[in-house]
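One structure is given below, encoded as structure tokens.
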Amino acid sequence: MATFLPSNALIPQTNTPSLIAKDSAANLTLDYLKTINRKGGPIPSEYLEMNLAMNTLAQLHHSGDISNADLESIRTELGEAMTPKTIQGFAYTQPHGYAGDFEIIEKIYKNHVTPEPHLANWDIFFQAHPAAQAVRNRVSFFLDQVWSVKEQPGRKARILNVASGPGRDLHECLNIMGPSGLHFDCVDQDLHAIQHATHLCQKYTSSITFYHQNIFKFTANKTYDLIWSAGLFDYFSDSLFKRIIKRLLPFLEKSGKLVVGNFSDDNPSQDYMEFFKWLLHHRSSKKLQQLAQECGIPSSNIQVQREPEGVNLFLIISGNG
Ligand SMILES: C[S@@+](CC[C@H](N)C(=O)[O-])C[C@H]1O[C@@H](n2cnc3c(N)ncnc32)[C@H](O)[C@@H]1O
């Protein structure tokens with residue numbers, strides 16, 4: 001195991017203005033990361049220290065004691081661990097040109113670990129993070145939501161999946177619940193995501209229609225019992241968040257539900273995610289309720305739930321029926 005000083009030595013004290021102390025915290029953290037990297041990433045007994053190192057870097061960065069360029073050079077020091085060969089490196093380098101693409105989400109759902117043994121511990125560390133578990137927990141949350149709208153008198157339940165990505169949640173849902181009585185319209189702006197999801201869900205093509213479209217331009221010619229979106233709204237500023245809610249509300253059945261996922265502001269993986277530049281608008285339950293109210297939704301129609309990890313919040317807006 002790498003030697004590491006007492007964890008609190010890395011955390012800048014608020015009453016320690018000395019730049020030297022902060023510099024040394026940055027240098028100690030860098031030395032620690034290099035040591036961990038030389039042996040192929042952290043092992044479980046080092047996770048606590050590794051996370052403290054991430055907290056330290058985030059604090060130093062937020063307080064302005066280390067710059068973007070400093071952080072960038074720390075990432076560079078990690079070499080292959082920050083290339084698409086690892087999940088953190090995949091997120092950092094964004095091979096699809098944007099953060100949170102379908103491929104990384106699919107890697108998380110499938111608990112993927114790189115086949116390269118000298119990098120595997122980085123992926124195991126990533127997958128052990130609460131944020132990764134929260135993504136996997138989306139599937140059962142989605143299933144519960146679909147289940148709750150499944151019985152519609154004399155017709156199929158209509159579900160709109162906004163930013164459907166790899167379609168893994170859809171695939172699991174249809175495998176478990178079967179396709180009868182359900183129809184999904186899926187919108188995603190990335191053609192590769194649509195192609196991946198189409199292939200994954202090929203057994204169920206008659207129950208799914210894919211729309212290769214930007215949600216800011218999407219209009220529907222029907223209403224939906226469930227409008228679902230996970231892994232999208234946390235990329236939006238408050239004003240874009242409200243714009244899309246307002247855009248989707250007219251497509252909601254009176255007795256329907258609009259369910260929007262957003263990472264919580266107490267996400268314990270936030271500092272680690274920032275290290276590889278997976279930057280989200282983390283929000284509290286209160287903030288999500290406030291944004292919904294600002295869209296003109298009465299508070300009695302608003303709820304916020306969370307998956308078991310407590311990291312992914314879900315704003316649930318009921319229709320007026
Ligand atoms: C993090 S993934 C989430 C996928 C899926 N909802 C899930 O939870 O498994 C985000 C997806 O949003 C899509 N996306 C991002 N911005 C979008 C937009 N403006 N309109 C439609 N899709 C968008 C991306 O192409 C990507 O597939």
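Simple scheme: letters A, B, ... for chains in structure tokens order, numbers from 1 for residues in each chain, numbers from 1 for ligands in the order shown.
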Within 7 Å of ligand 1, counting only C-alpha atoms and all ligand atoms: which residues, as a ChimeraX atom specification? /A:100-102,105,135,138,162-169,187-190,193,213-216,229-232
Since we have the selection now, will you write its residues out, keeping N, CA and C atoms, as an mmCIF file, in the first residue's frame?
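What follows is the written file again.cif:
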```
data_model
loop_
_atom_site.group_PDB
_atom_site.id
_atom_site.type_symbol
_atom_site.label_atom_id
_atom_site.label_comp_id
_atom_site.auth_asym_id
_atom_site.auth_seq_id
_atom_site.Cartn_x
_atom_site.Cartn_y
_atom_site.Cartn_z
ATOM 1 N N GLY A 100 -20.912 12.842 -20.896
ATOM 2 C CA GLY A 100 -22.089 12.021 -20.595
ATOM 3 C C GLY A 100 -22.694 11.376 -21.822
ATOM 4 N N ASP A 101 -21.825 10.871 -22.717
ATOM 5 C CA ASP A 101 -22.367 10.247 -23.930
ATOM 6 C C ASP A 101 -22.908 8.844 -23.617
ATOM 7 N N PHE A 102 -23.623 8.288 -24.598
ATOM 8 C CA PHE A 102 -24.279 6.986 -24.387
ATOM 9 C C PHE A 102 -23.274 5.879 -24.047
ATOM 10 N N ILE A 105 -22.218 5.877 -20.374
ATOM 11 C CA ILE A 105 -23.353 5.454 -19.531
ATOM 12 C C ILE A 105 -23.530 3.937 -19.642
ATOM 13 N N VAL A 135 -26.287 5.769 -11.116
ATOM 14 C CA VAL A 135 -26.682 5.608 -12.528
ATOM 15 C C VAL A 135 -27.307 4.228 -12.719
ATOM 16 N N ARG A 138 -30.824 3.877 -11.686
ATOM 17 C CA ARG A 138 -31.873 4.508 -12.507
ATOM 18 C C ARG A 138 -32.795 3.470 -13.122
ATOM 19 N N VAL A 162 -36.828 11.003 -22.996
ATOM 20 C CA VAL A 162 -36.071 12.151 -23.511
ATOM 21 C C VAL A 162 -34.578 11.957 -23.224
ATOM 22 N N ALA A 163 -33.758 12.002 -24.264
ATOM 23 C CA ALA A 163 -32.316 11.719 -24.167
ATOM 24 C C ALA A 163 -32.125 10.254 -23.777
ATOM 25 N N SER A 164 -32.575 9.381 -24.645
ATOM 26 C CA SER A 164 -32.664 7.946 -24.323
ATOM 27 C C SER A 164 -31.308 7.258 -24.300
ATOM 28 N N GLY A 165 -30.272 7.863 -24.844
ATOM 29 C CA GLY A 165 -28.912 7.335 -24.727
ATOM 30 C C GLY A 165 -28.782 5.902 -25.232
ATOM 31 N N PRO A 166 -28.104 5.035 -24.449
ATOM 32 C CA PRO A 166 -27.847 3.668 -24.924
ATOM 33 C C PRO A 166 -29.097 2.791 -24.946
ATOM 34 N N GLY A 167 -30.173 3.221 -24.290
ATOM 35 C CA GLY A 167 -31.408 2.436 -24.276
ATOM 36 C C GLY A 167 -31.361 1.258 -23.318
ATOM 37 N N ARG A 168 -30.391 1.259 -22.416
ATOM 38 C CA ARG A 168 -30.243 0.123 -21.496
ATOM 39 C C ARG A 168 -31.444 0.012 -20.542
ATOM 40 N N ASP A 169 -31.928 1.157 -20.054
ATOM 41 C CA ASP A 169 -33.073 1.138 -19.134
ATOM 42 C C ASP A 169 -34.321 0.590 -19.849
ATOM 43 N N VAL A 187 -36.194 10.023 -27.810
ATOM 44 C CA VAL A 187 -35.553 11.137 -28.505
ATOM 45 C C VAL A 187 -34.102 11.231 -28.057
ATOM 46 N N ASP A 188 -33.195 11.306 -29.003
ATOM 47 C CA ASP A 188 -31.786 11.573 -28.662
ATOM 48 C C ASP A 188 -31.142 12.301 -29.829
ATOM 49 N N GLN A 189 -30.245 13.213 -29.489
ATOM 50 C CA GLN A 189 -29.623 14.015 -30.558
ATOM 51 C C GLN A 189 -28.397 13.343 -31.160
ATOM 52 N N ASP A 190 -27.937 12.244 -30.548
ATOM 53 C CA ASP A 190 -26.727 11.576 -31.024
ATOM 54 C C ASP A 190 -27.117 10.335 -31.834
ATOM 55 N N ALA A 193 -25.979 7.056 -30.506
ATOM 56 C CA ALA A 193 -26.780 6.576 -29.370
ATOM 57 C C ALA A 193 -28.029 5.866 -29.900
ATOM 58 N N GLN A 213 -33.282 13.587 -32.728
ATOM 59 C CA GLN A 213 -33.622 15.010 -32.656
ATOM 60 C C GLN A 213 -33.088 15.658 -31.388
ATOM 61 N N ASN A 214 -32.891 16.951 -31.497
ATOM 62 C CA ASN A 214 -32.550 17.745 -30.325
ATOM 63 C C ASN A 214 -33.850 18.031 -29.577
ATOM 64 N N ILE A 215 -33.847 17.823 -28.272
ATOM 65 C CA ILE A 215 -35.085 18.008 -27.502
ATOM 66 C C ILE A 215 -35.571 19.464 -27.552
ATOM 67 N N PHE A 216 -34.664 20.379 -27.813
ATOM 68 C CA PHE A 216 -35.073 21.789 -27.905
ATOM 69 C C PHE A 216 -35.924 22.035 -29.147
ATOM 70 N N SER A 229 -36.914 11.567 -18.224
ATOM 71 C CA SER A 229 -35.597 11.998 -18.693
ATOM 72 C C SER A 229 -34.575 11.872 -17.565
ATOM 73 N N ALA A 230 -33.545 11.067 -17.791
ATOM 74 C CA ALA A 230 -32.462 10.942 -16.794
ATOM 75 C C ALA A 230 -31.150 11.249 -17.498
ATOM 76 N N GLY A 231 -30.260 11.918 -16.780
ATOM 77 C CA GLY A 231 -28.931 12.179 -17.334
ATOM 78 C C GLY A 231 -28.923 13.276 -18.376
ATOM 79 N N LEU A 232 -29.889 14.158 -18.316
ATOM 80 C CA LEU A 232 -29.908 15.278 -19.270
ATOM 81 C C LEU A 232 -30.009 16.624 -18.556
#
```
Residues of range 206-253 of chain A in alpha helix (DSSP H), written as a PyMOL selection string: chain A and resi 238-248
Next, the residues of the selection above should be written as a compact mmCIF listing (two decimals), in the first residue's frame with all heavy atoms.
```
# COMPACT_ATOMS: atom_id res chain seq x y z
N ASP A 238 -30.24 26.68 -15.03
CA ASP A 238 -31.63 26.78 -14.54
C ASP A 238 -32.57 27.25 -15.65
O ASP A 238 -33.70 26.76 -15.76
CB ASP A 238 -31.70 27.77 -13.36
CG ASP A 238 -31.05 27.21 -12.11
OD1 ASP A 238 -30.63 26.03 -12.12
OD2 ASP A 238 -30.96 27.97 -11.12
N SER A 239 -32.12 28.19 -16.46
CA SER A 239 -33.06 28.72 -17.46
C SER A 239 -33.34 27.68 -18.55
O SER A 239 -34.49 27.54 -18.98
CB SER A 239 -32.58 30.06 -18.03
OG SER A 239 -31.42 29.85 -18.78
N LEU A 240 -32.32 26.91 -18.95
CA LEU A 240 -32.59 25.85 -19.94
C LEU A 240 -33.44 24.73 -19.33
O LEU A 240 -34.32 24.16 -19.99
CB LEU A 240 -31.28 25.27 -20.47
CG LEU A 240 -30.46 26.18 -21.38
CD1 LEU A 240 -29.22 25.47 -21.89
CD2 LEU A 240 -31.30 26.67 -22.57
N PHE A 241 -33.17 24.45 -18.07
CA PHE A 241 -33.95 23.44 -17.34
C PHE A 241 -35.45 23.80 -17.44
O PHE A 241 -36.28 22.98 -17.84
CB PHE A 241 -33.47 23.44 -15.88
CG PHE A 241 -34.05 22.38 -14.98
CD1 PHE A 241 -33.27 21.33 -14.52
CD2 PHE A 241 -35.38 22.44 -14.57
CE1 PHE A 241 -33.79 20.36 -13.68
CE2 PHE A 241 -35.91 21.47 -13.73
CZ PHE A 241 -35.12 20.44 -13.28
N LYS A 242 -35.76 25.05 -17.13
CA LYS A 242 -37.18 25.47 -17.12
C LYS A 242 -37.74 25.51 -18.54
O LYS A 242 -38.91 25.19 -18.75
CB LYS A 242 -37.30 26.85 -16.44
CG LYS A 242 -37.04 26.77 -14.95
CD LYS A 242 -37.36 28.06 -14.24
CE LYS A 242 -36.23 29.05 -14.31
NZ LYS A 242 -36.48 30.29 -13.60
N ARG A 243 -36.88 25.91 -19.48
CA ARG A 243 -37.35 25.97 -20.87
C ARG A 243 -37.81 24.59 -21.34
O ARG A 243 -38.87 24.46 -21.98
CB ARG A 243 -36.21 26.48 -21.76
CG ARG A 243 -36.72 27.18 -22.99
CD ARG A 243 -35.62 28.01 -23.57
NE ARG A 243 -35.23 27.47 -24.85
CZ ARG A 243 -34.10 27.75 -25.48
NH1 ARG A 243 -33.21 28.55 -24.91
NH2 ARG A 243 -33.84 27.26 -26.65
N ILE A 244 -37.04 23.56 -21.01
CA ILE A 244 -37.41 22.22 -21.48
C ILE A 244 -38.62 21.68 -20.71
O ILE A 244 -39.50 21.04 -21.29
CB ILE A 244 -36.21 21.24 -21.40
CG1 ILE A 244 -35.13 21.70 -22.37
CG2 ILE A 244 -36.61 19.82 -21.76
CD1 ILE A 244 -35.57 21.75 -23.84
N ILE A 245 -38.69 21.97 -19.42
CA ILE A 245 -39.89 21.54 -18.67
C ILE A 245 -41.13 22.15 -19.33
O ILE A 245 -42.11 21.46 -19.61
CB ILE A 245 -39.81 21.98 -17.18
CG1 ILE A 245 -38.66 21.29 -16.46
CG2 ILE A 245 -41.14 21.78 -16.46
CD1 ILE A 245 -38.91 19.88 -16.00
N LYS A 246 -41.06 23.45 -19.61
CA LYS A 246 -42.23 24.12 -20.20
C LYS A 246 -42.54 23.56 -21.59
O LYS A 246 -43.69 23.50 -21.99
CB LYS A 246 -41.99 25.63 -20.29
CG LYS A 246 -42.07 26.32 -18.94
CD LYS A 246 -41.90 27.81 -19.14
CE LYS A 246 -41.61 28.54 -17.85
NZ LYS A 246 -40.92 29.80 -18.08
N ARG A 247 -41.51 23.17 -22.29
CA ARG A 247 -41.70 22.61 -23.64
C ARG A 247 -42.38 21.24 -23.56
O ARG A 247 -43.15 20.86 -24.43
CB ARG A 247 -40.32 22.49 -24.30
CG ARG A 247 -40.38 22.15 -25.74
CD ARG A 247 -39.05 22.28 -26.44
NE ARG A 247 -39.27 21.92 -27.82
CZ ARG A 247 -39.56 22.79 -28.77
NH1 ARG A 247 -39.61 24.07 -28.50
NH2 ARG A 247 -39.79 22.38 -30.00
N LEU A 248 -42.07 20.48 -22.51
CA LEU A 248 -42.59 19.11 -22.40
C LEU A 248 -43.99 19.05 -21.80
O LEU A 248 -44.77 18.14 -22.11
CB LEU A 248 -41.63 18.25 -21.56
CG LEU A 248 -40.26 17.96 -22.19
CD1 LEU A 248 -39.34 17.25 -21.20
CD2 LEU A 248 -40.40 17.12 -23.47
```
Any chance you could tabulate, as CSV, the residues of range 131-236 of chain A at most 9 Å from range 292-311 of chain A with each one's nearest atom pair and distance in Å to one decimal, using only C-alpha atoms, in chain and rising number order?
```
residue,atom,partner,partner_atom,distance
A:Ala131,CA,A:Val311,CA,6.4
A:Gln133,CA,A:Glu309,CA,7.0
A:Ala134,CA,A:Glu309,CA,5.7
A:Val135,CA,A:Val311,CA,8.8
A:Asn137,CA,A:Glu307,CA,6.2
A:Arg138,CA,A:Glu307,CA,7.0
A:Ser140,CA,A:Glu307,CA,8.7
A:Phe141,CA,A:Glu307,CA,6.7
```
Print the selection's residues with C-alpha atoms to a file, as a PDB file, in the first residue's frame.
```pdb
ATOM      1  CA  ALA A 131     -22.412   8.266  -8.635  1.00  0.00           C
ATOM      2  CA  GLN A 133     -24.126   3.112  -8.485  1.00  0.00           C
ATOM      3  CA  ALA A 134     -26.743   5.866  -8.726  1.00  0.00           C
ATOM      4  CA  VAL A 135     -26.682   5.608 -12.528  1.00  0.00           C
ATOM      5  CA  ASN A 137     -30.076   2.448  -9.867  1.00  0.00           C
ATOM      6  CA  ARG A 138     -31.873   4.508 -12.507  1.00  0.00           C
ATOM      7  CA  SER A 140     -35.185   0.074 -11.368  1.00  0.00           C
ATOM      8  CA  PHE A 141     -36.493   3.586 -10.752  1.00  0.00           C
TER       9      PHE A 141
END
```
Which residue is closest to Gln127 in chain A? Choose from A:Asn111, A:Thr209, A:Gln88, A:Ser255 and count only C-alpha atoms.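 Distance minimum relative to Gln127 in chain A lands on A:Asn111.
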Nearest candidate to Ile317 in chain A (options A:His183, A:Arg283, A:Arg155, A:Lys257; using only C-alpha atoms):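 Answer, going by the shortest atom-to-atom distance: A:Lys257.
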Please identify all polymer residues within 7 Å of Phe210 in chain A, counting only C-alpha atoms, omitting same-chain residues fewer than 3 positions from it, and present them as a ChimeraX atom specification. /A:185-187,194
Pick out the residues sitting within 12 Å of Pro117 in chain A, and hand them over as a count of residues only; count only C-alpha atoms, and ignore anything fewer than 4 positions along from it in its own chain. 11
Which of these, A:Ser237, A:Gln195, A:Ser67, A:Ser206, has the shortest distance to Gly181 in chain A once you count only C-alpha atoms?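 Closest to Gly181 in chain A, using only C-alpha atoms: A:Ser206.
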Using only C-alpha atoms, which of the listed residues (A:Asn161, A:Gln290, A:Thr205, A:Asn320) sits closest to Gly261 in chain A?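 Among the listed residues, A:Asn161 lies closest to Gly261 in chain A.
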Work out how far apart CA of Thr219 in chain A and CA of Phe251 in chain A are and give it in Å to one decimal.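 Interatomic distance here is 8.5 Å.
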So which bits of range 110-236 of chain A end up strand (DSSP E) when you DSSP the backbone, as a ChimeraX atom specification? /A:157-162,182-188,208-212,224-229
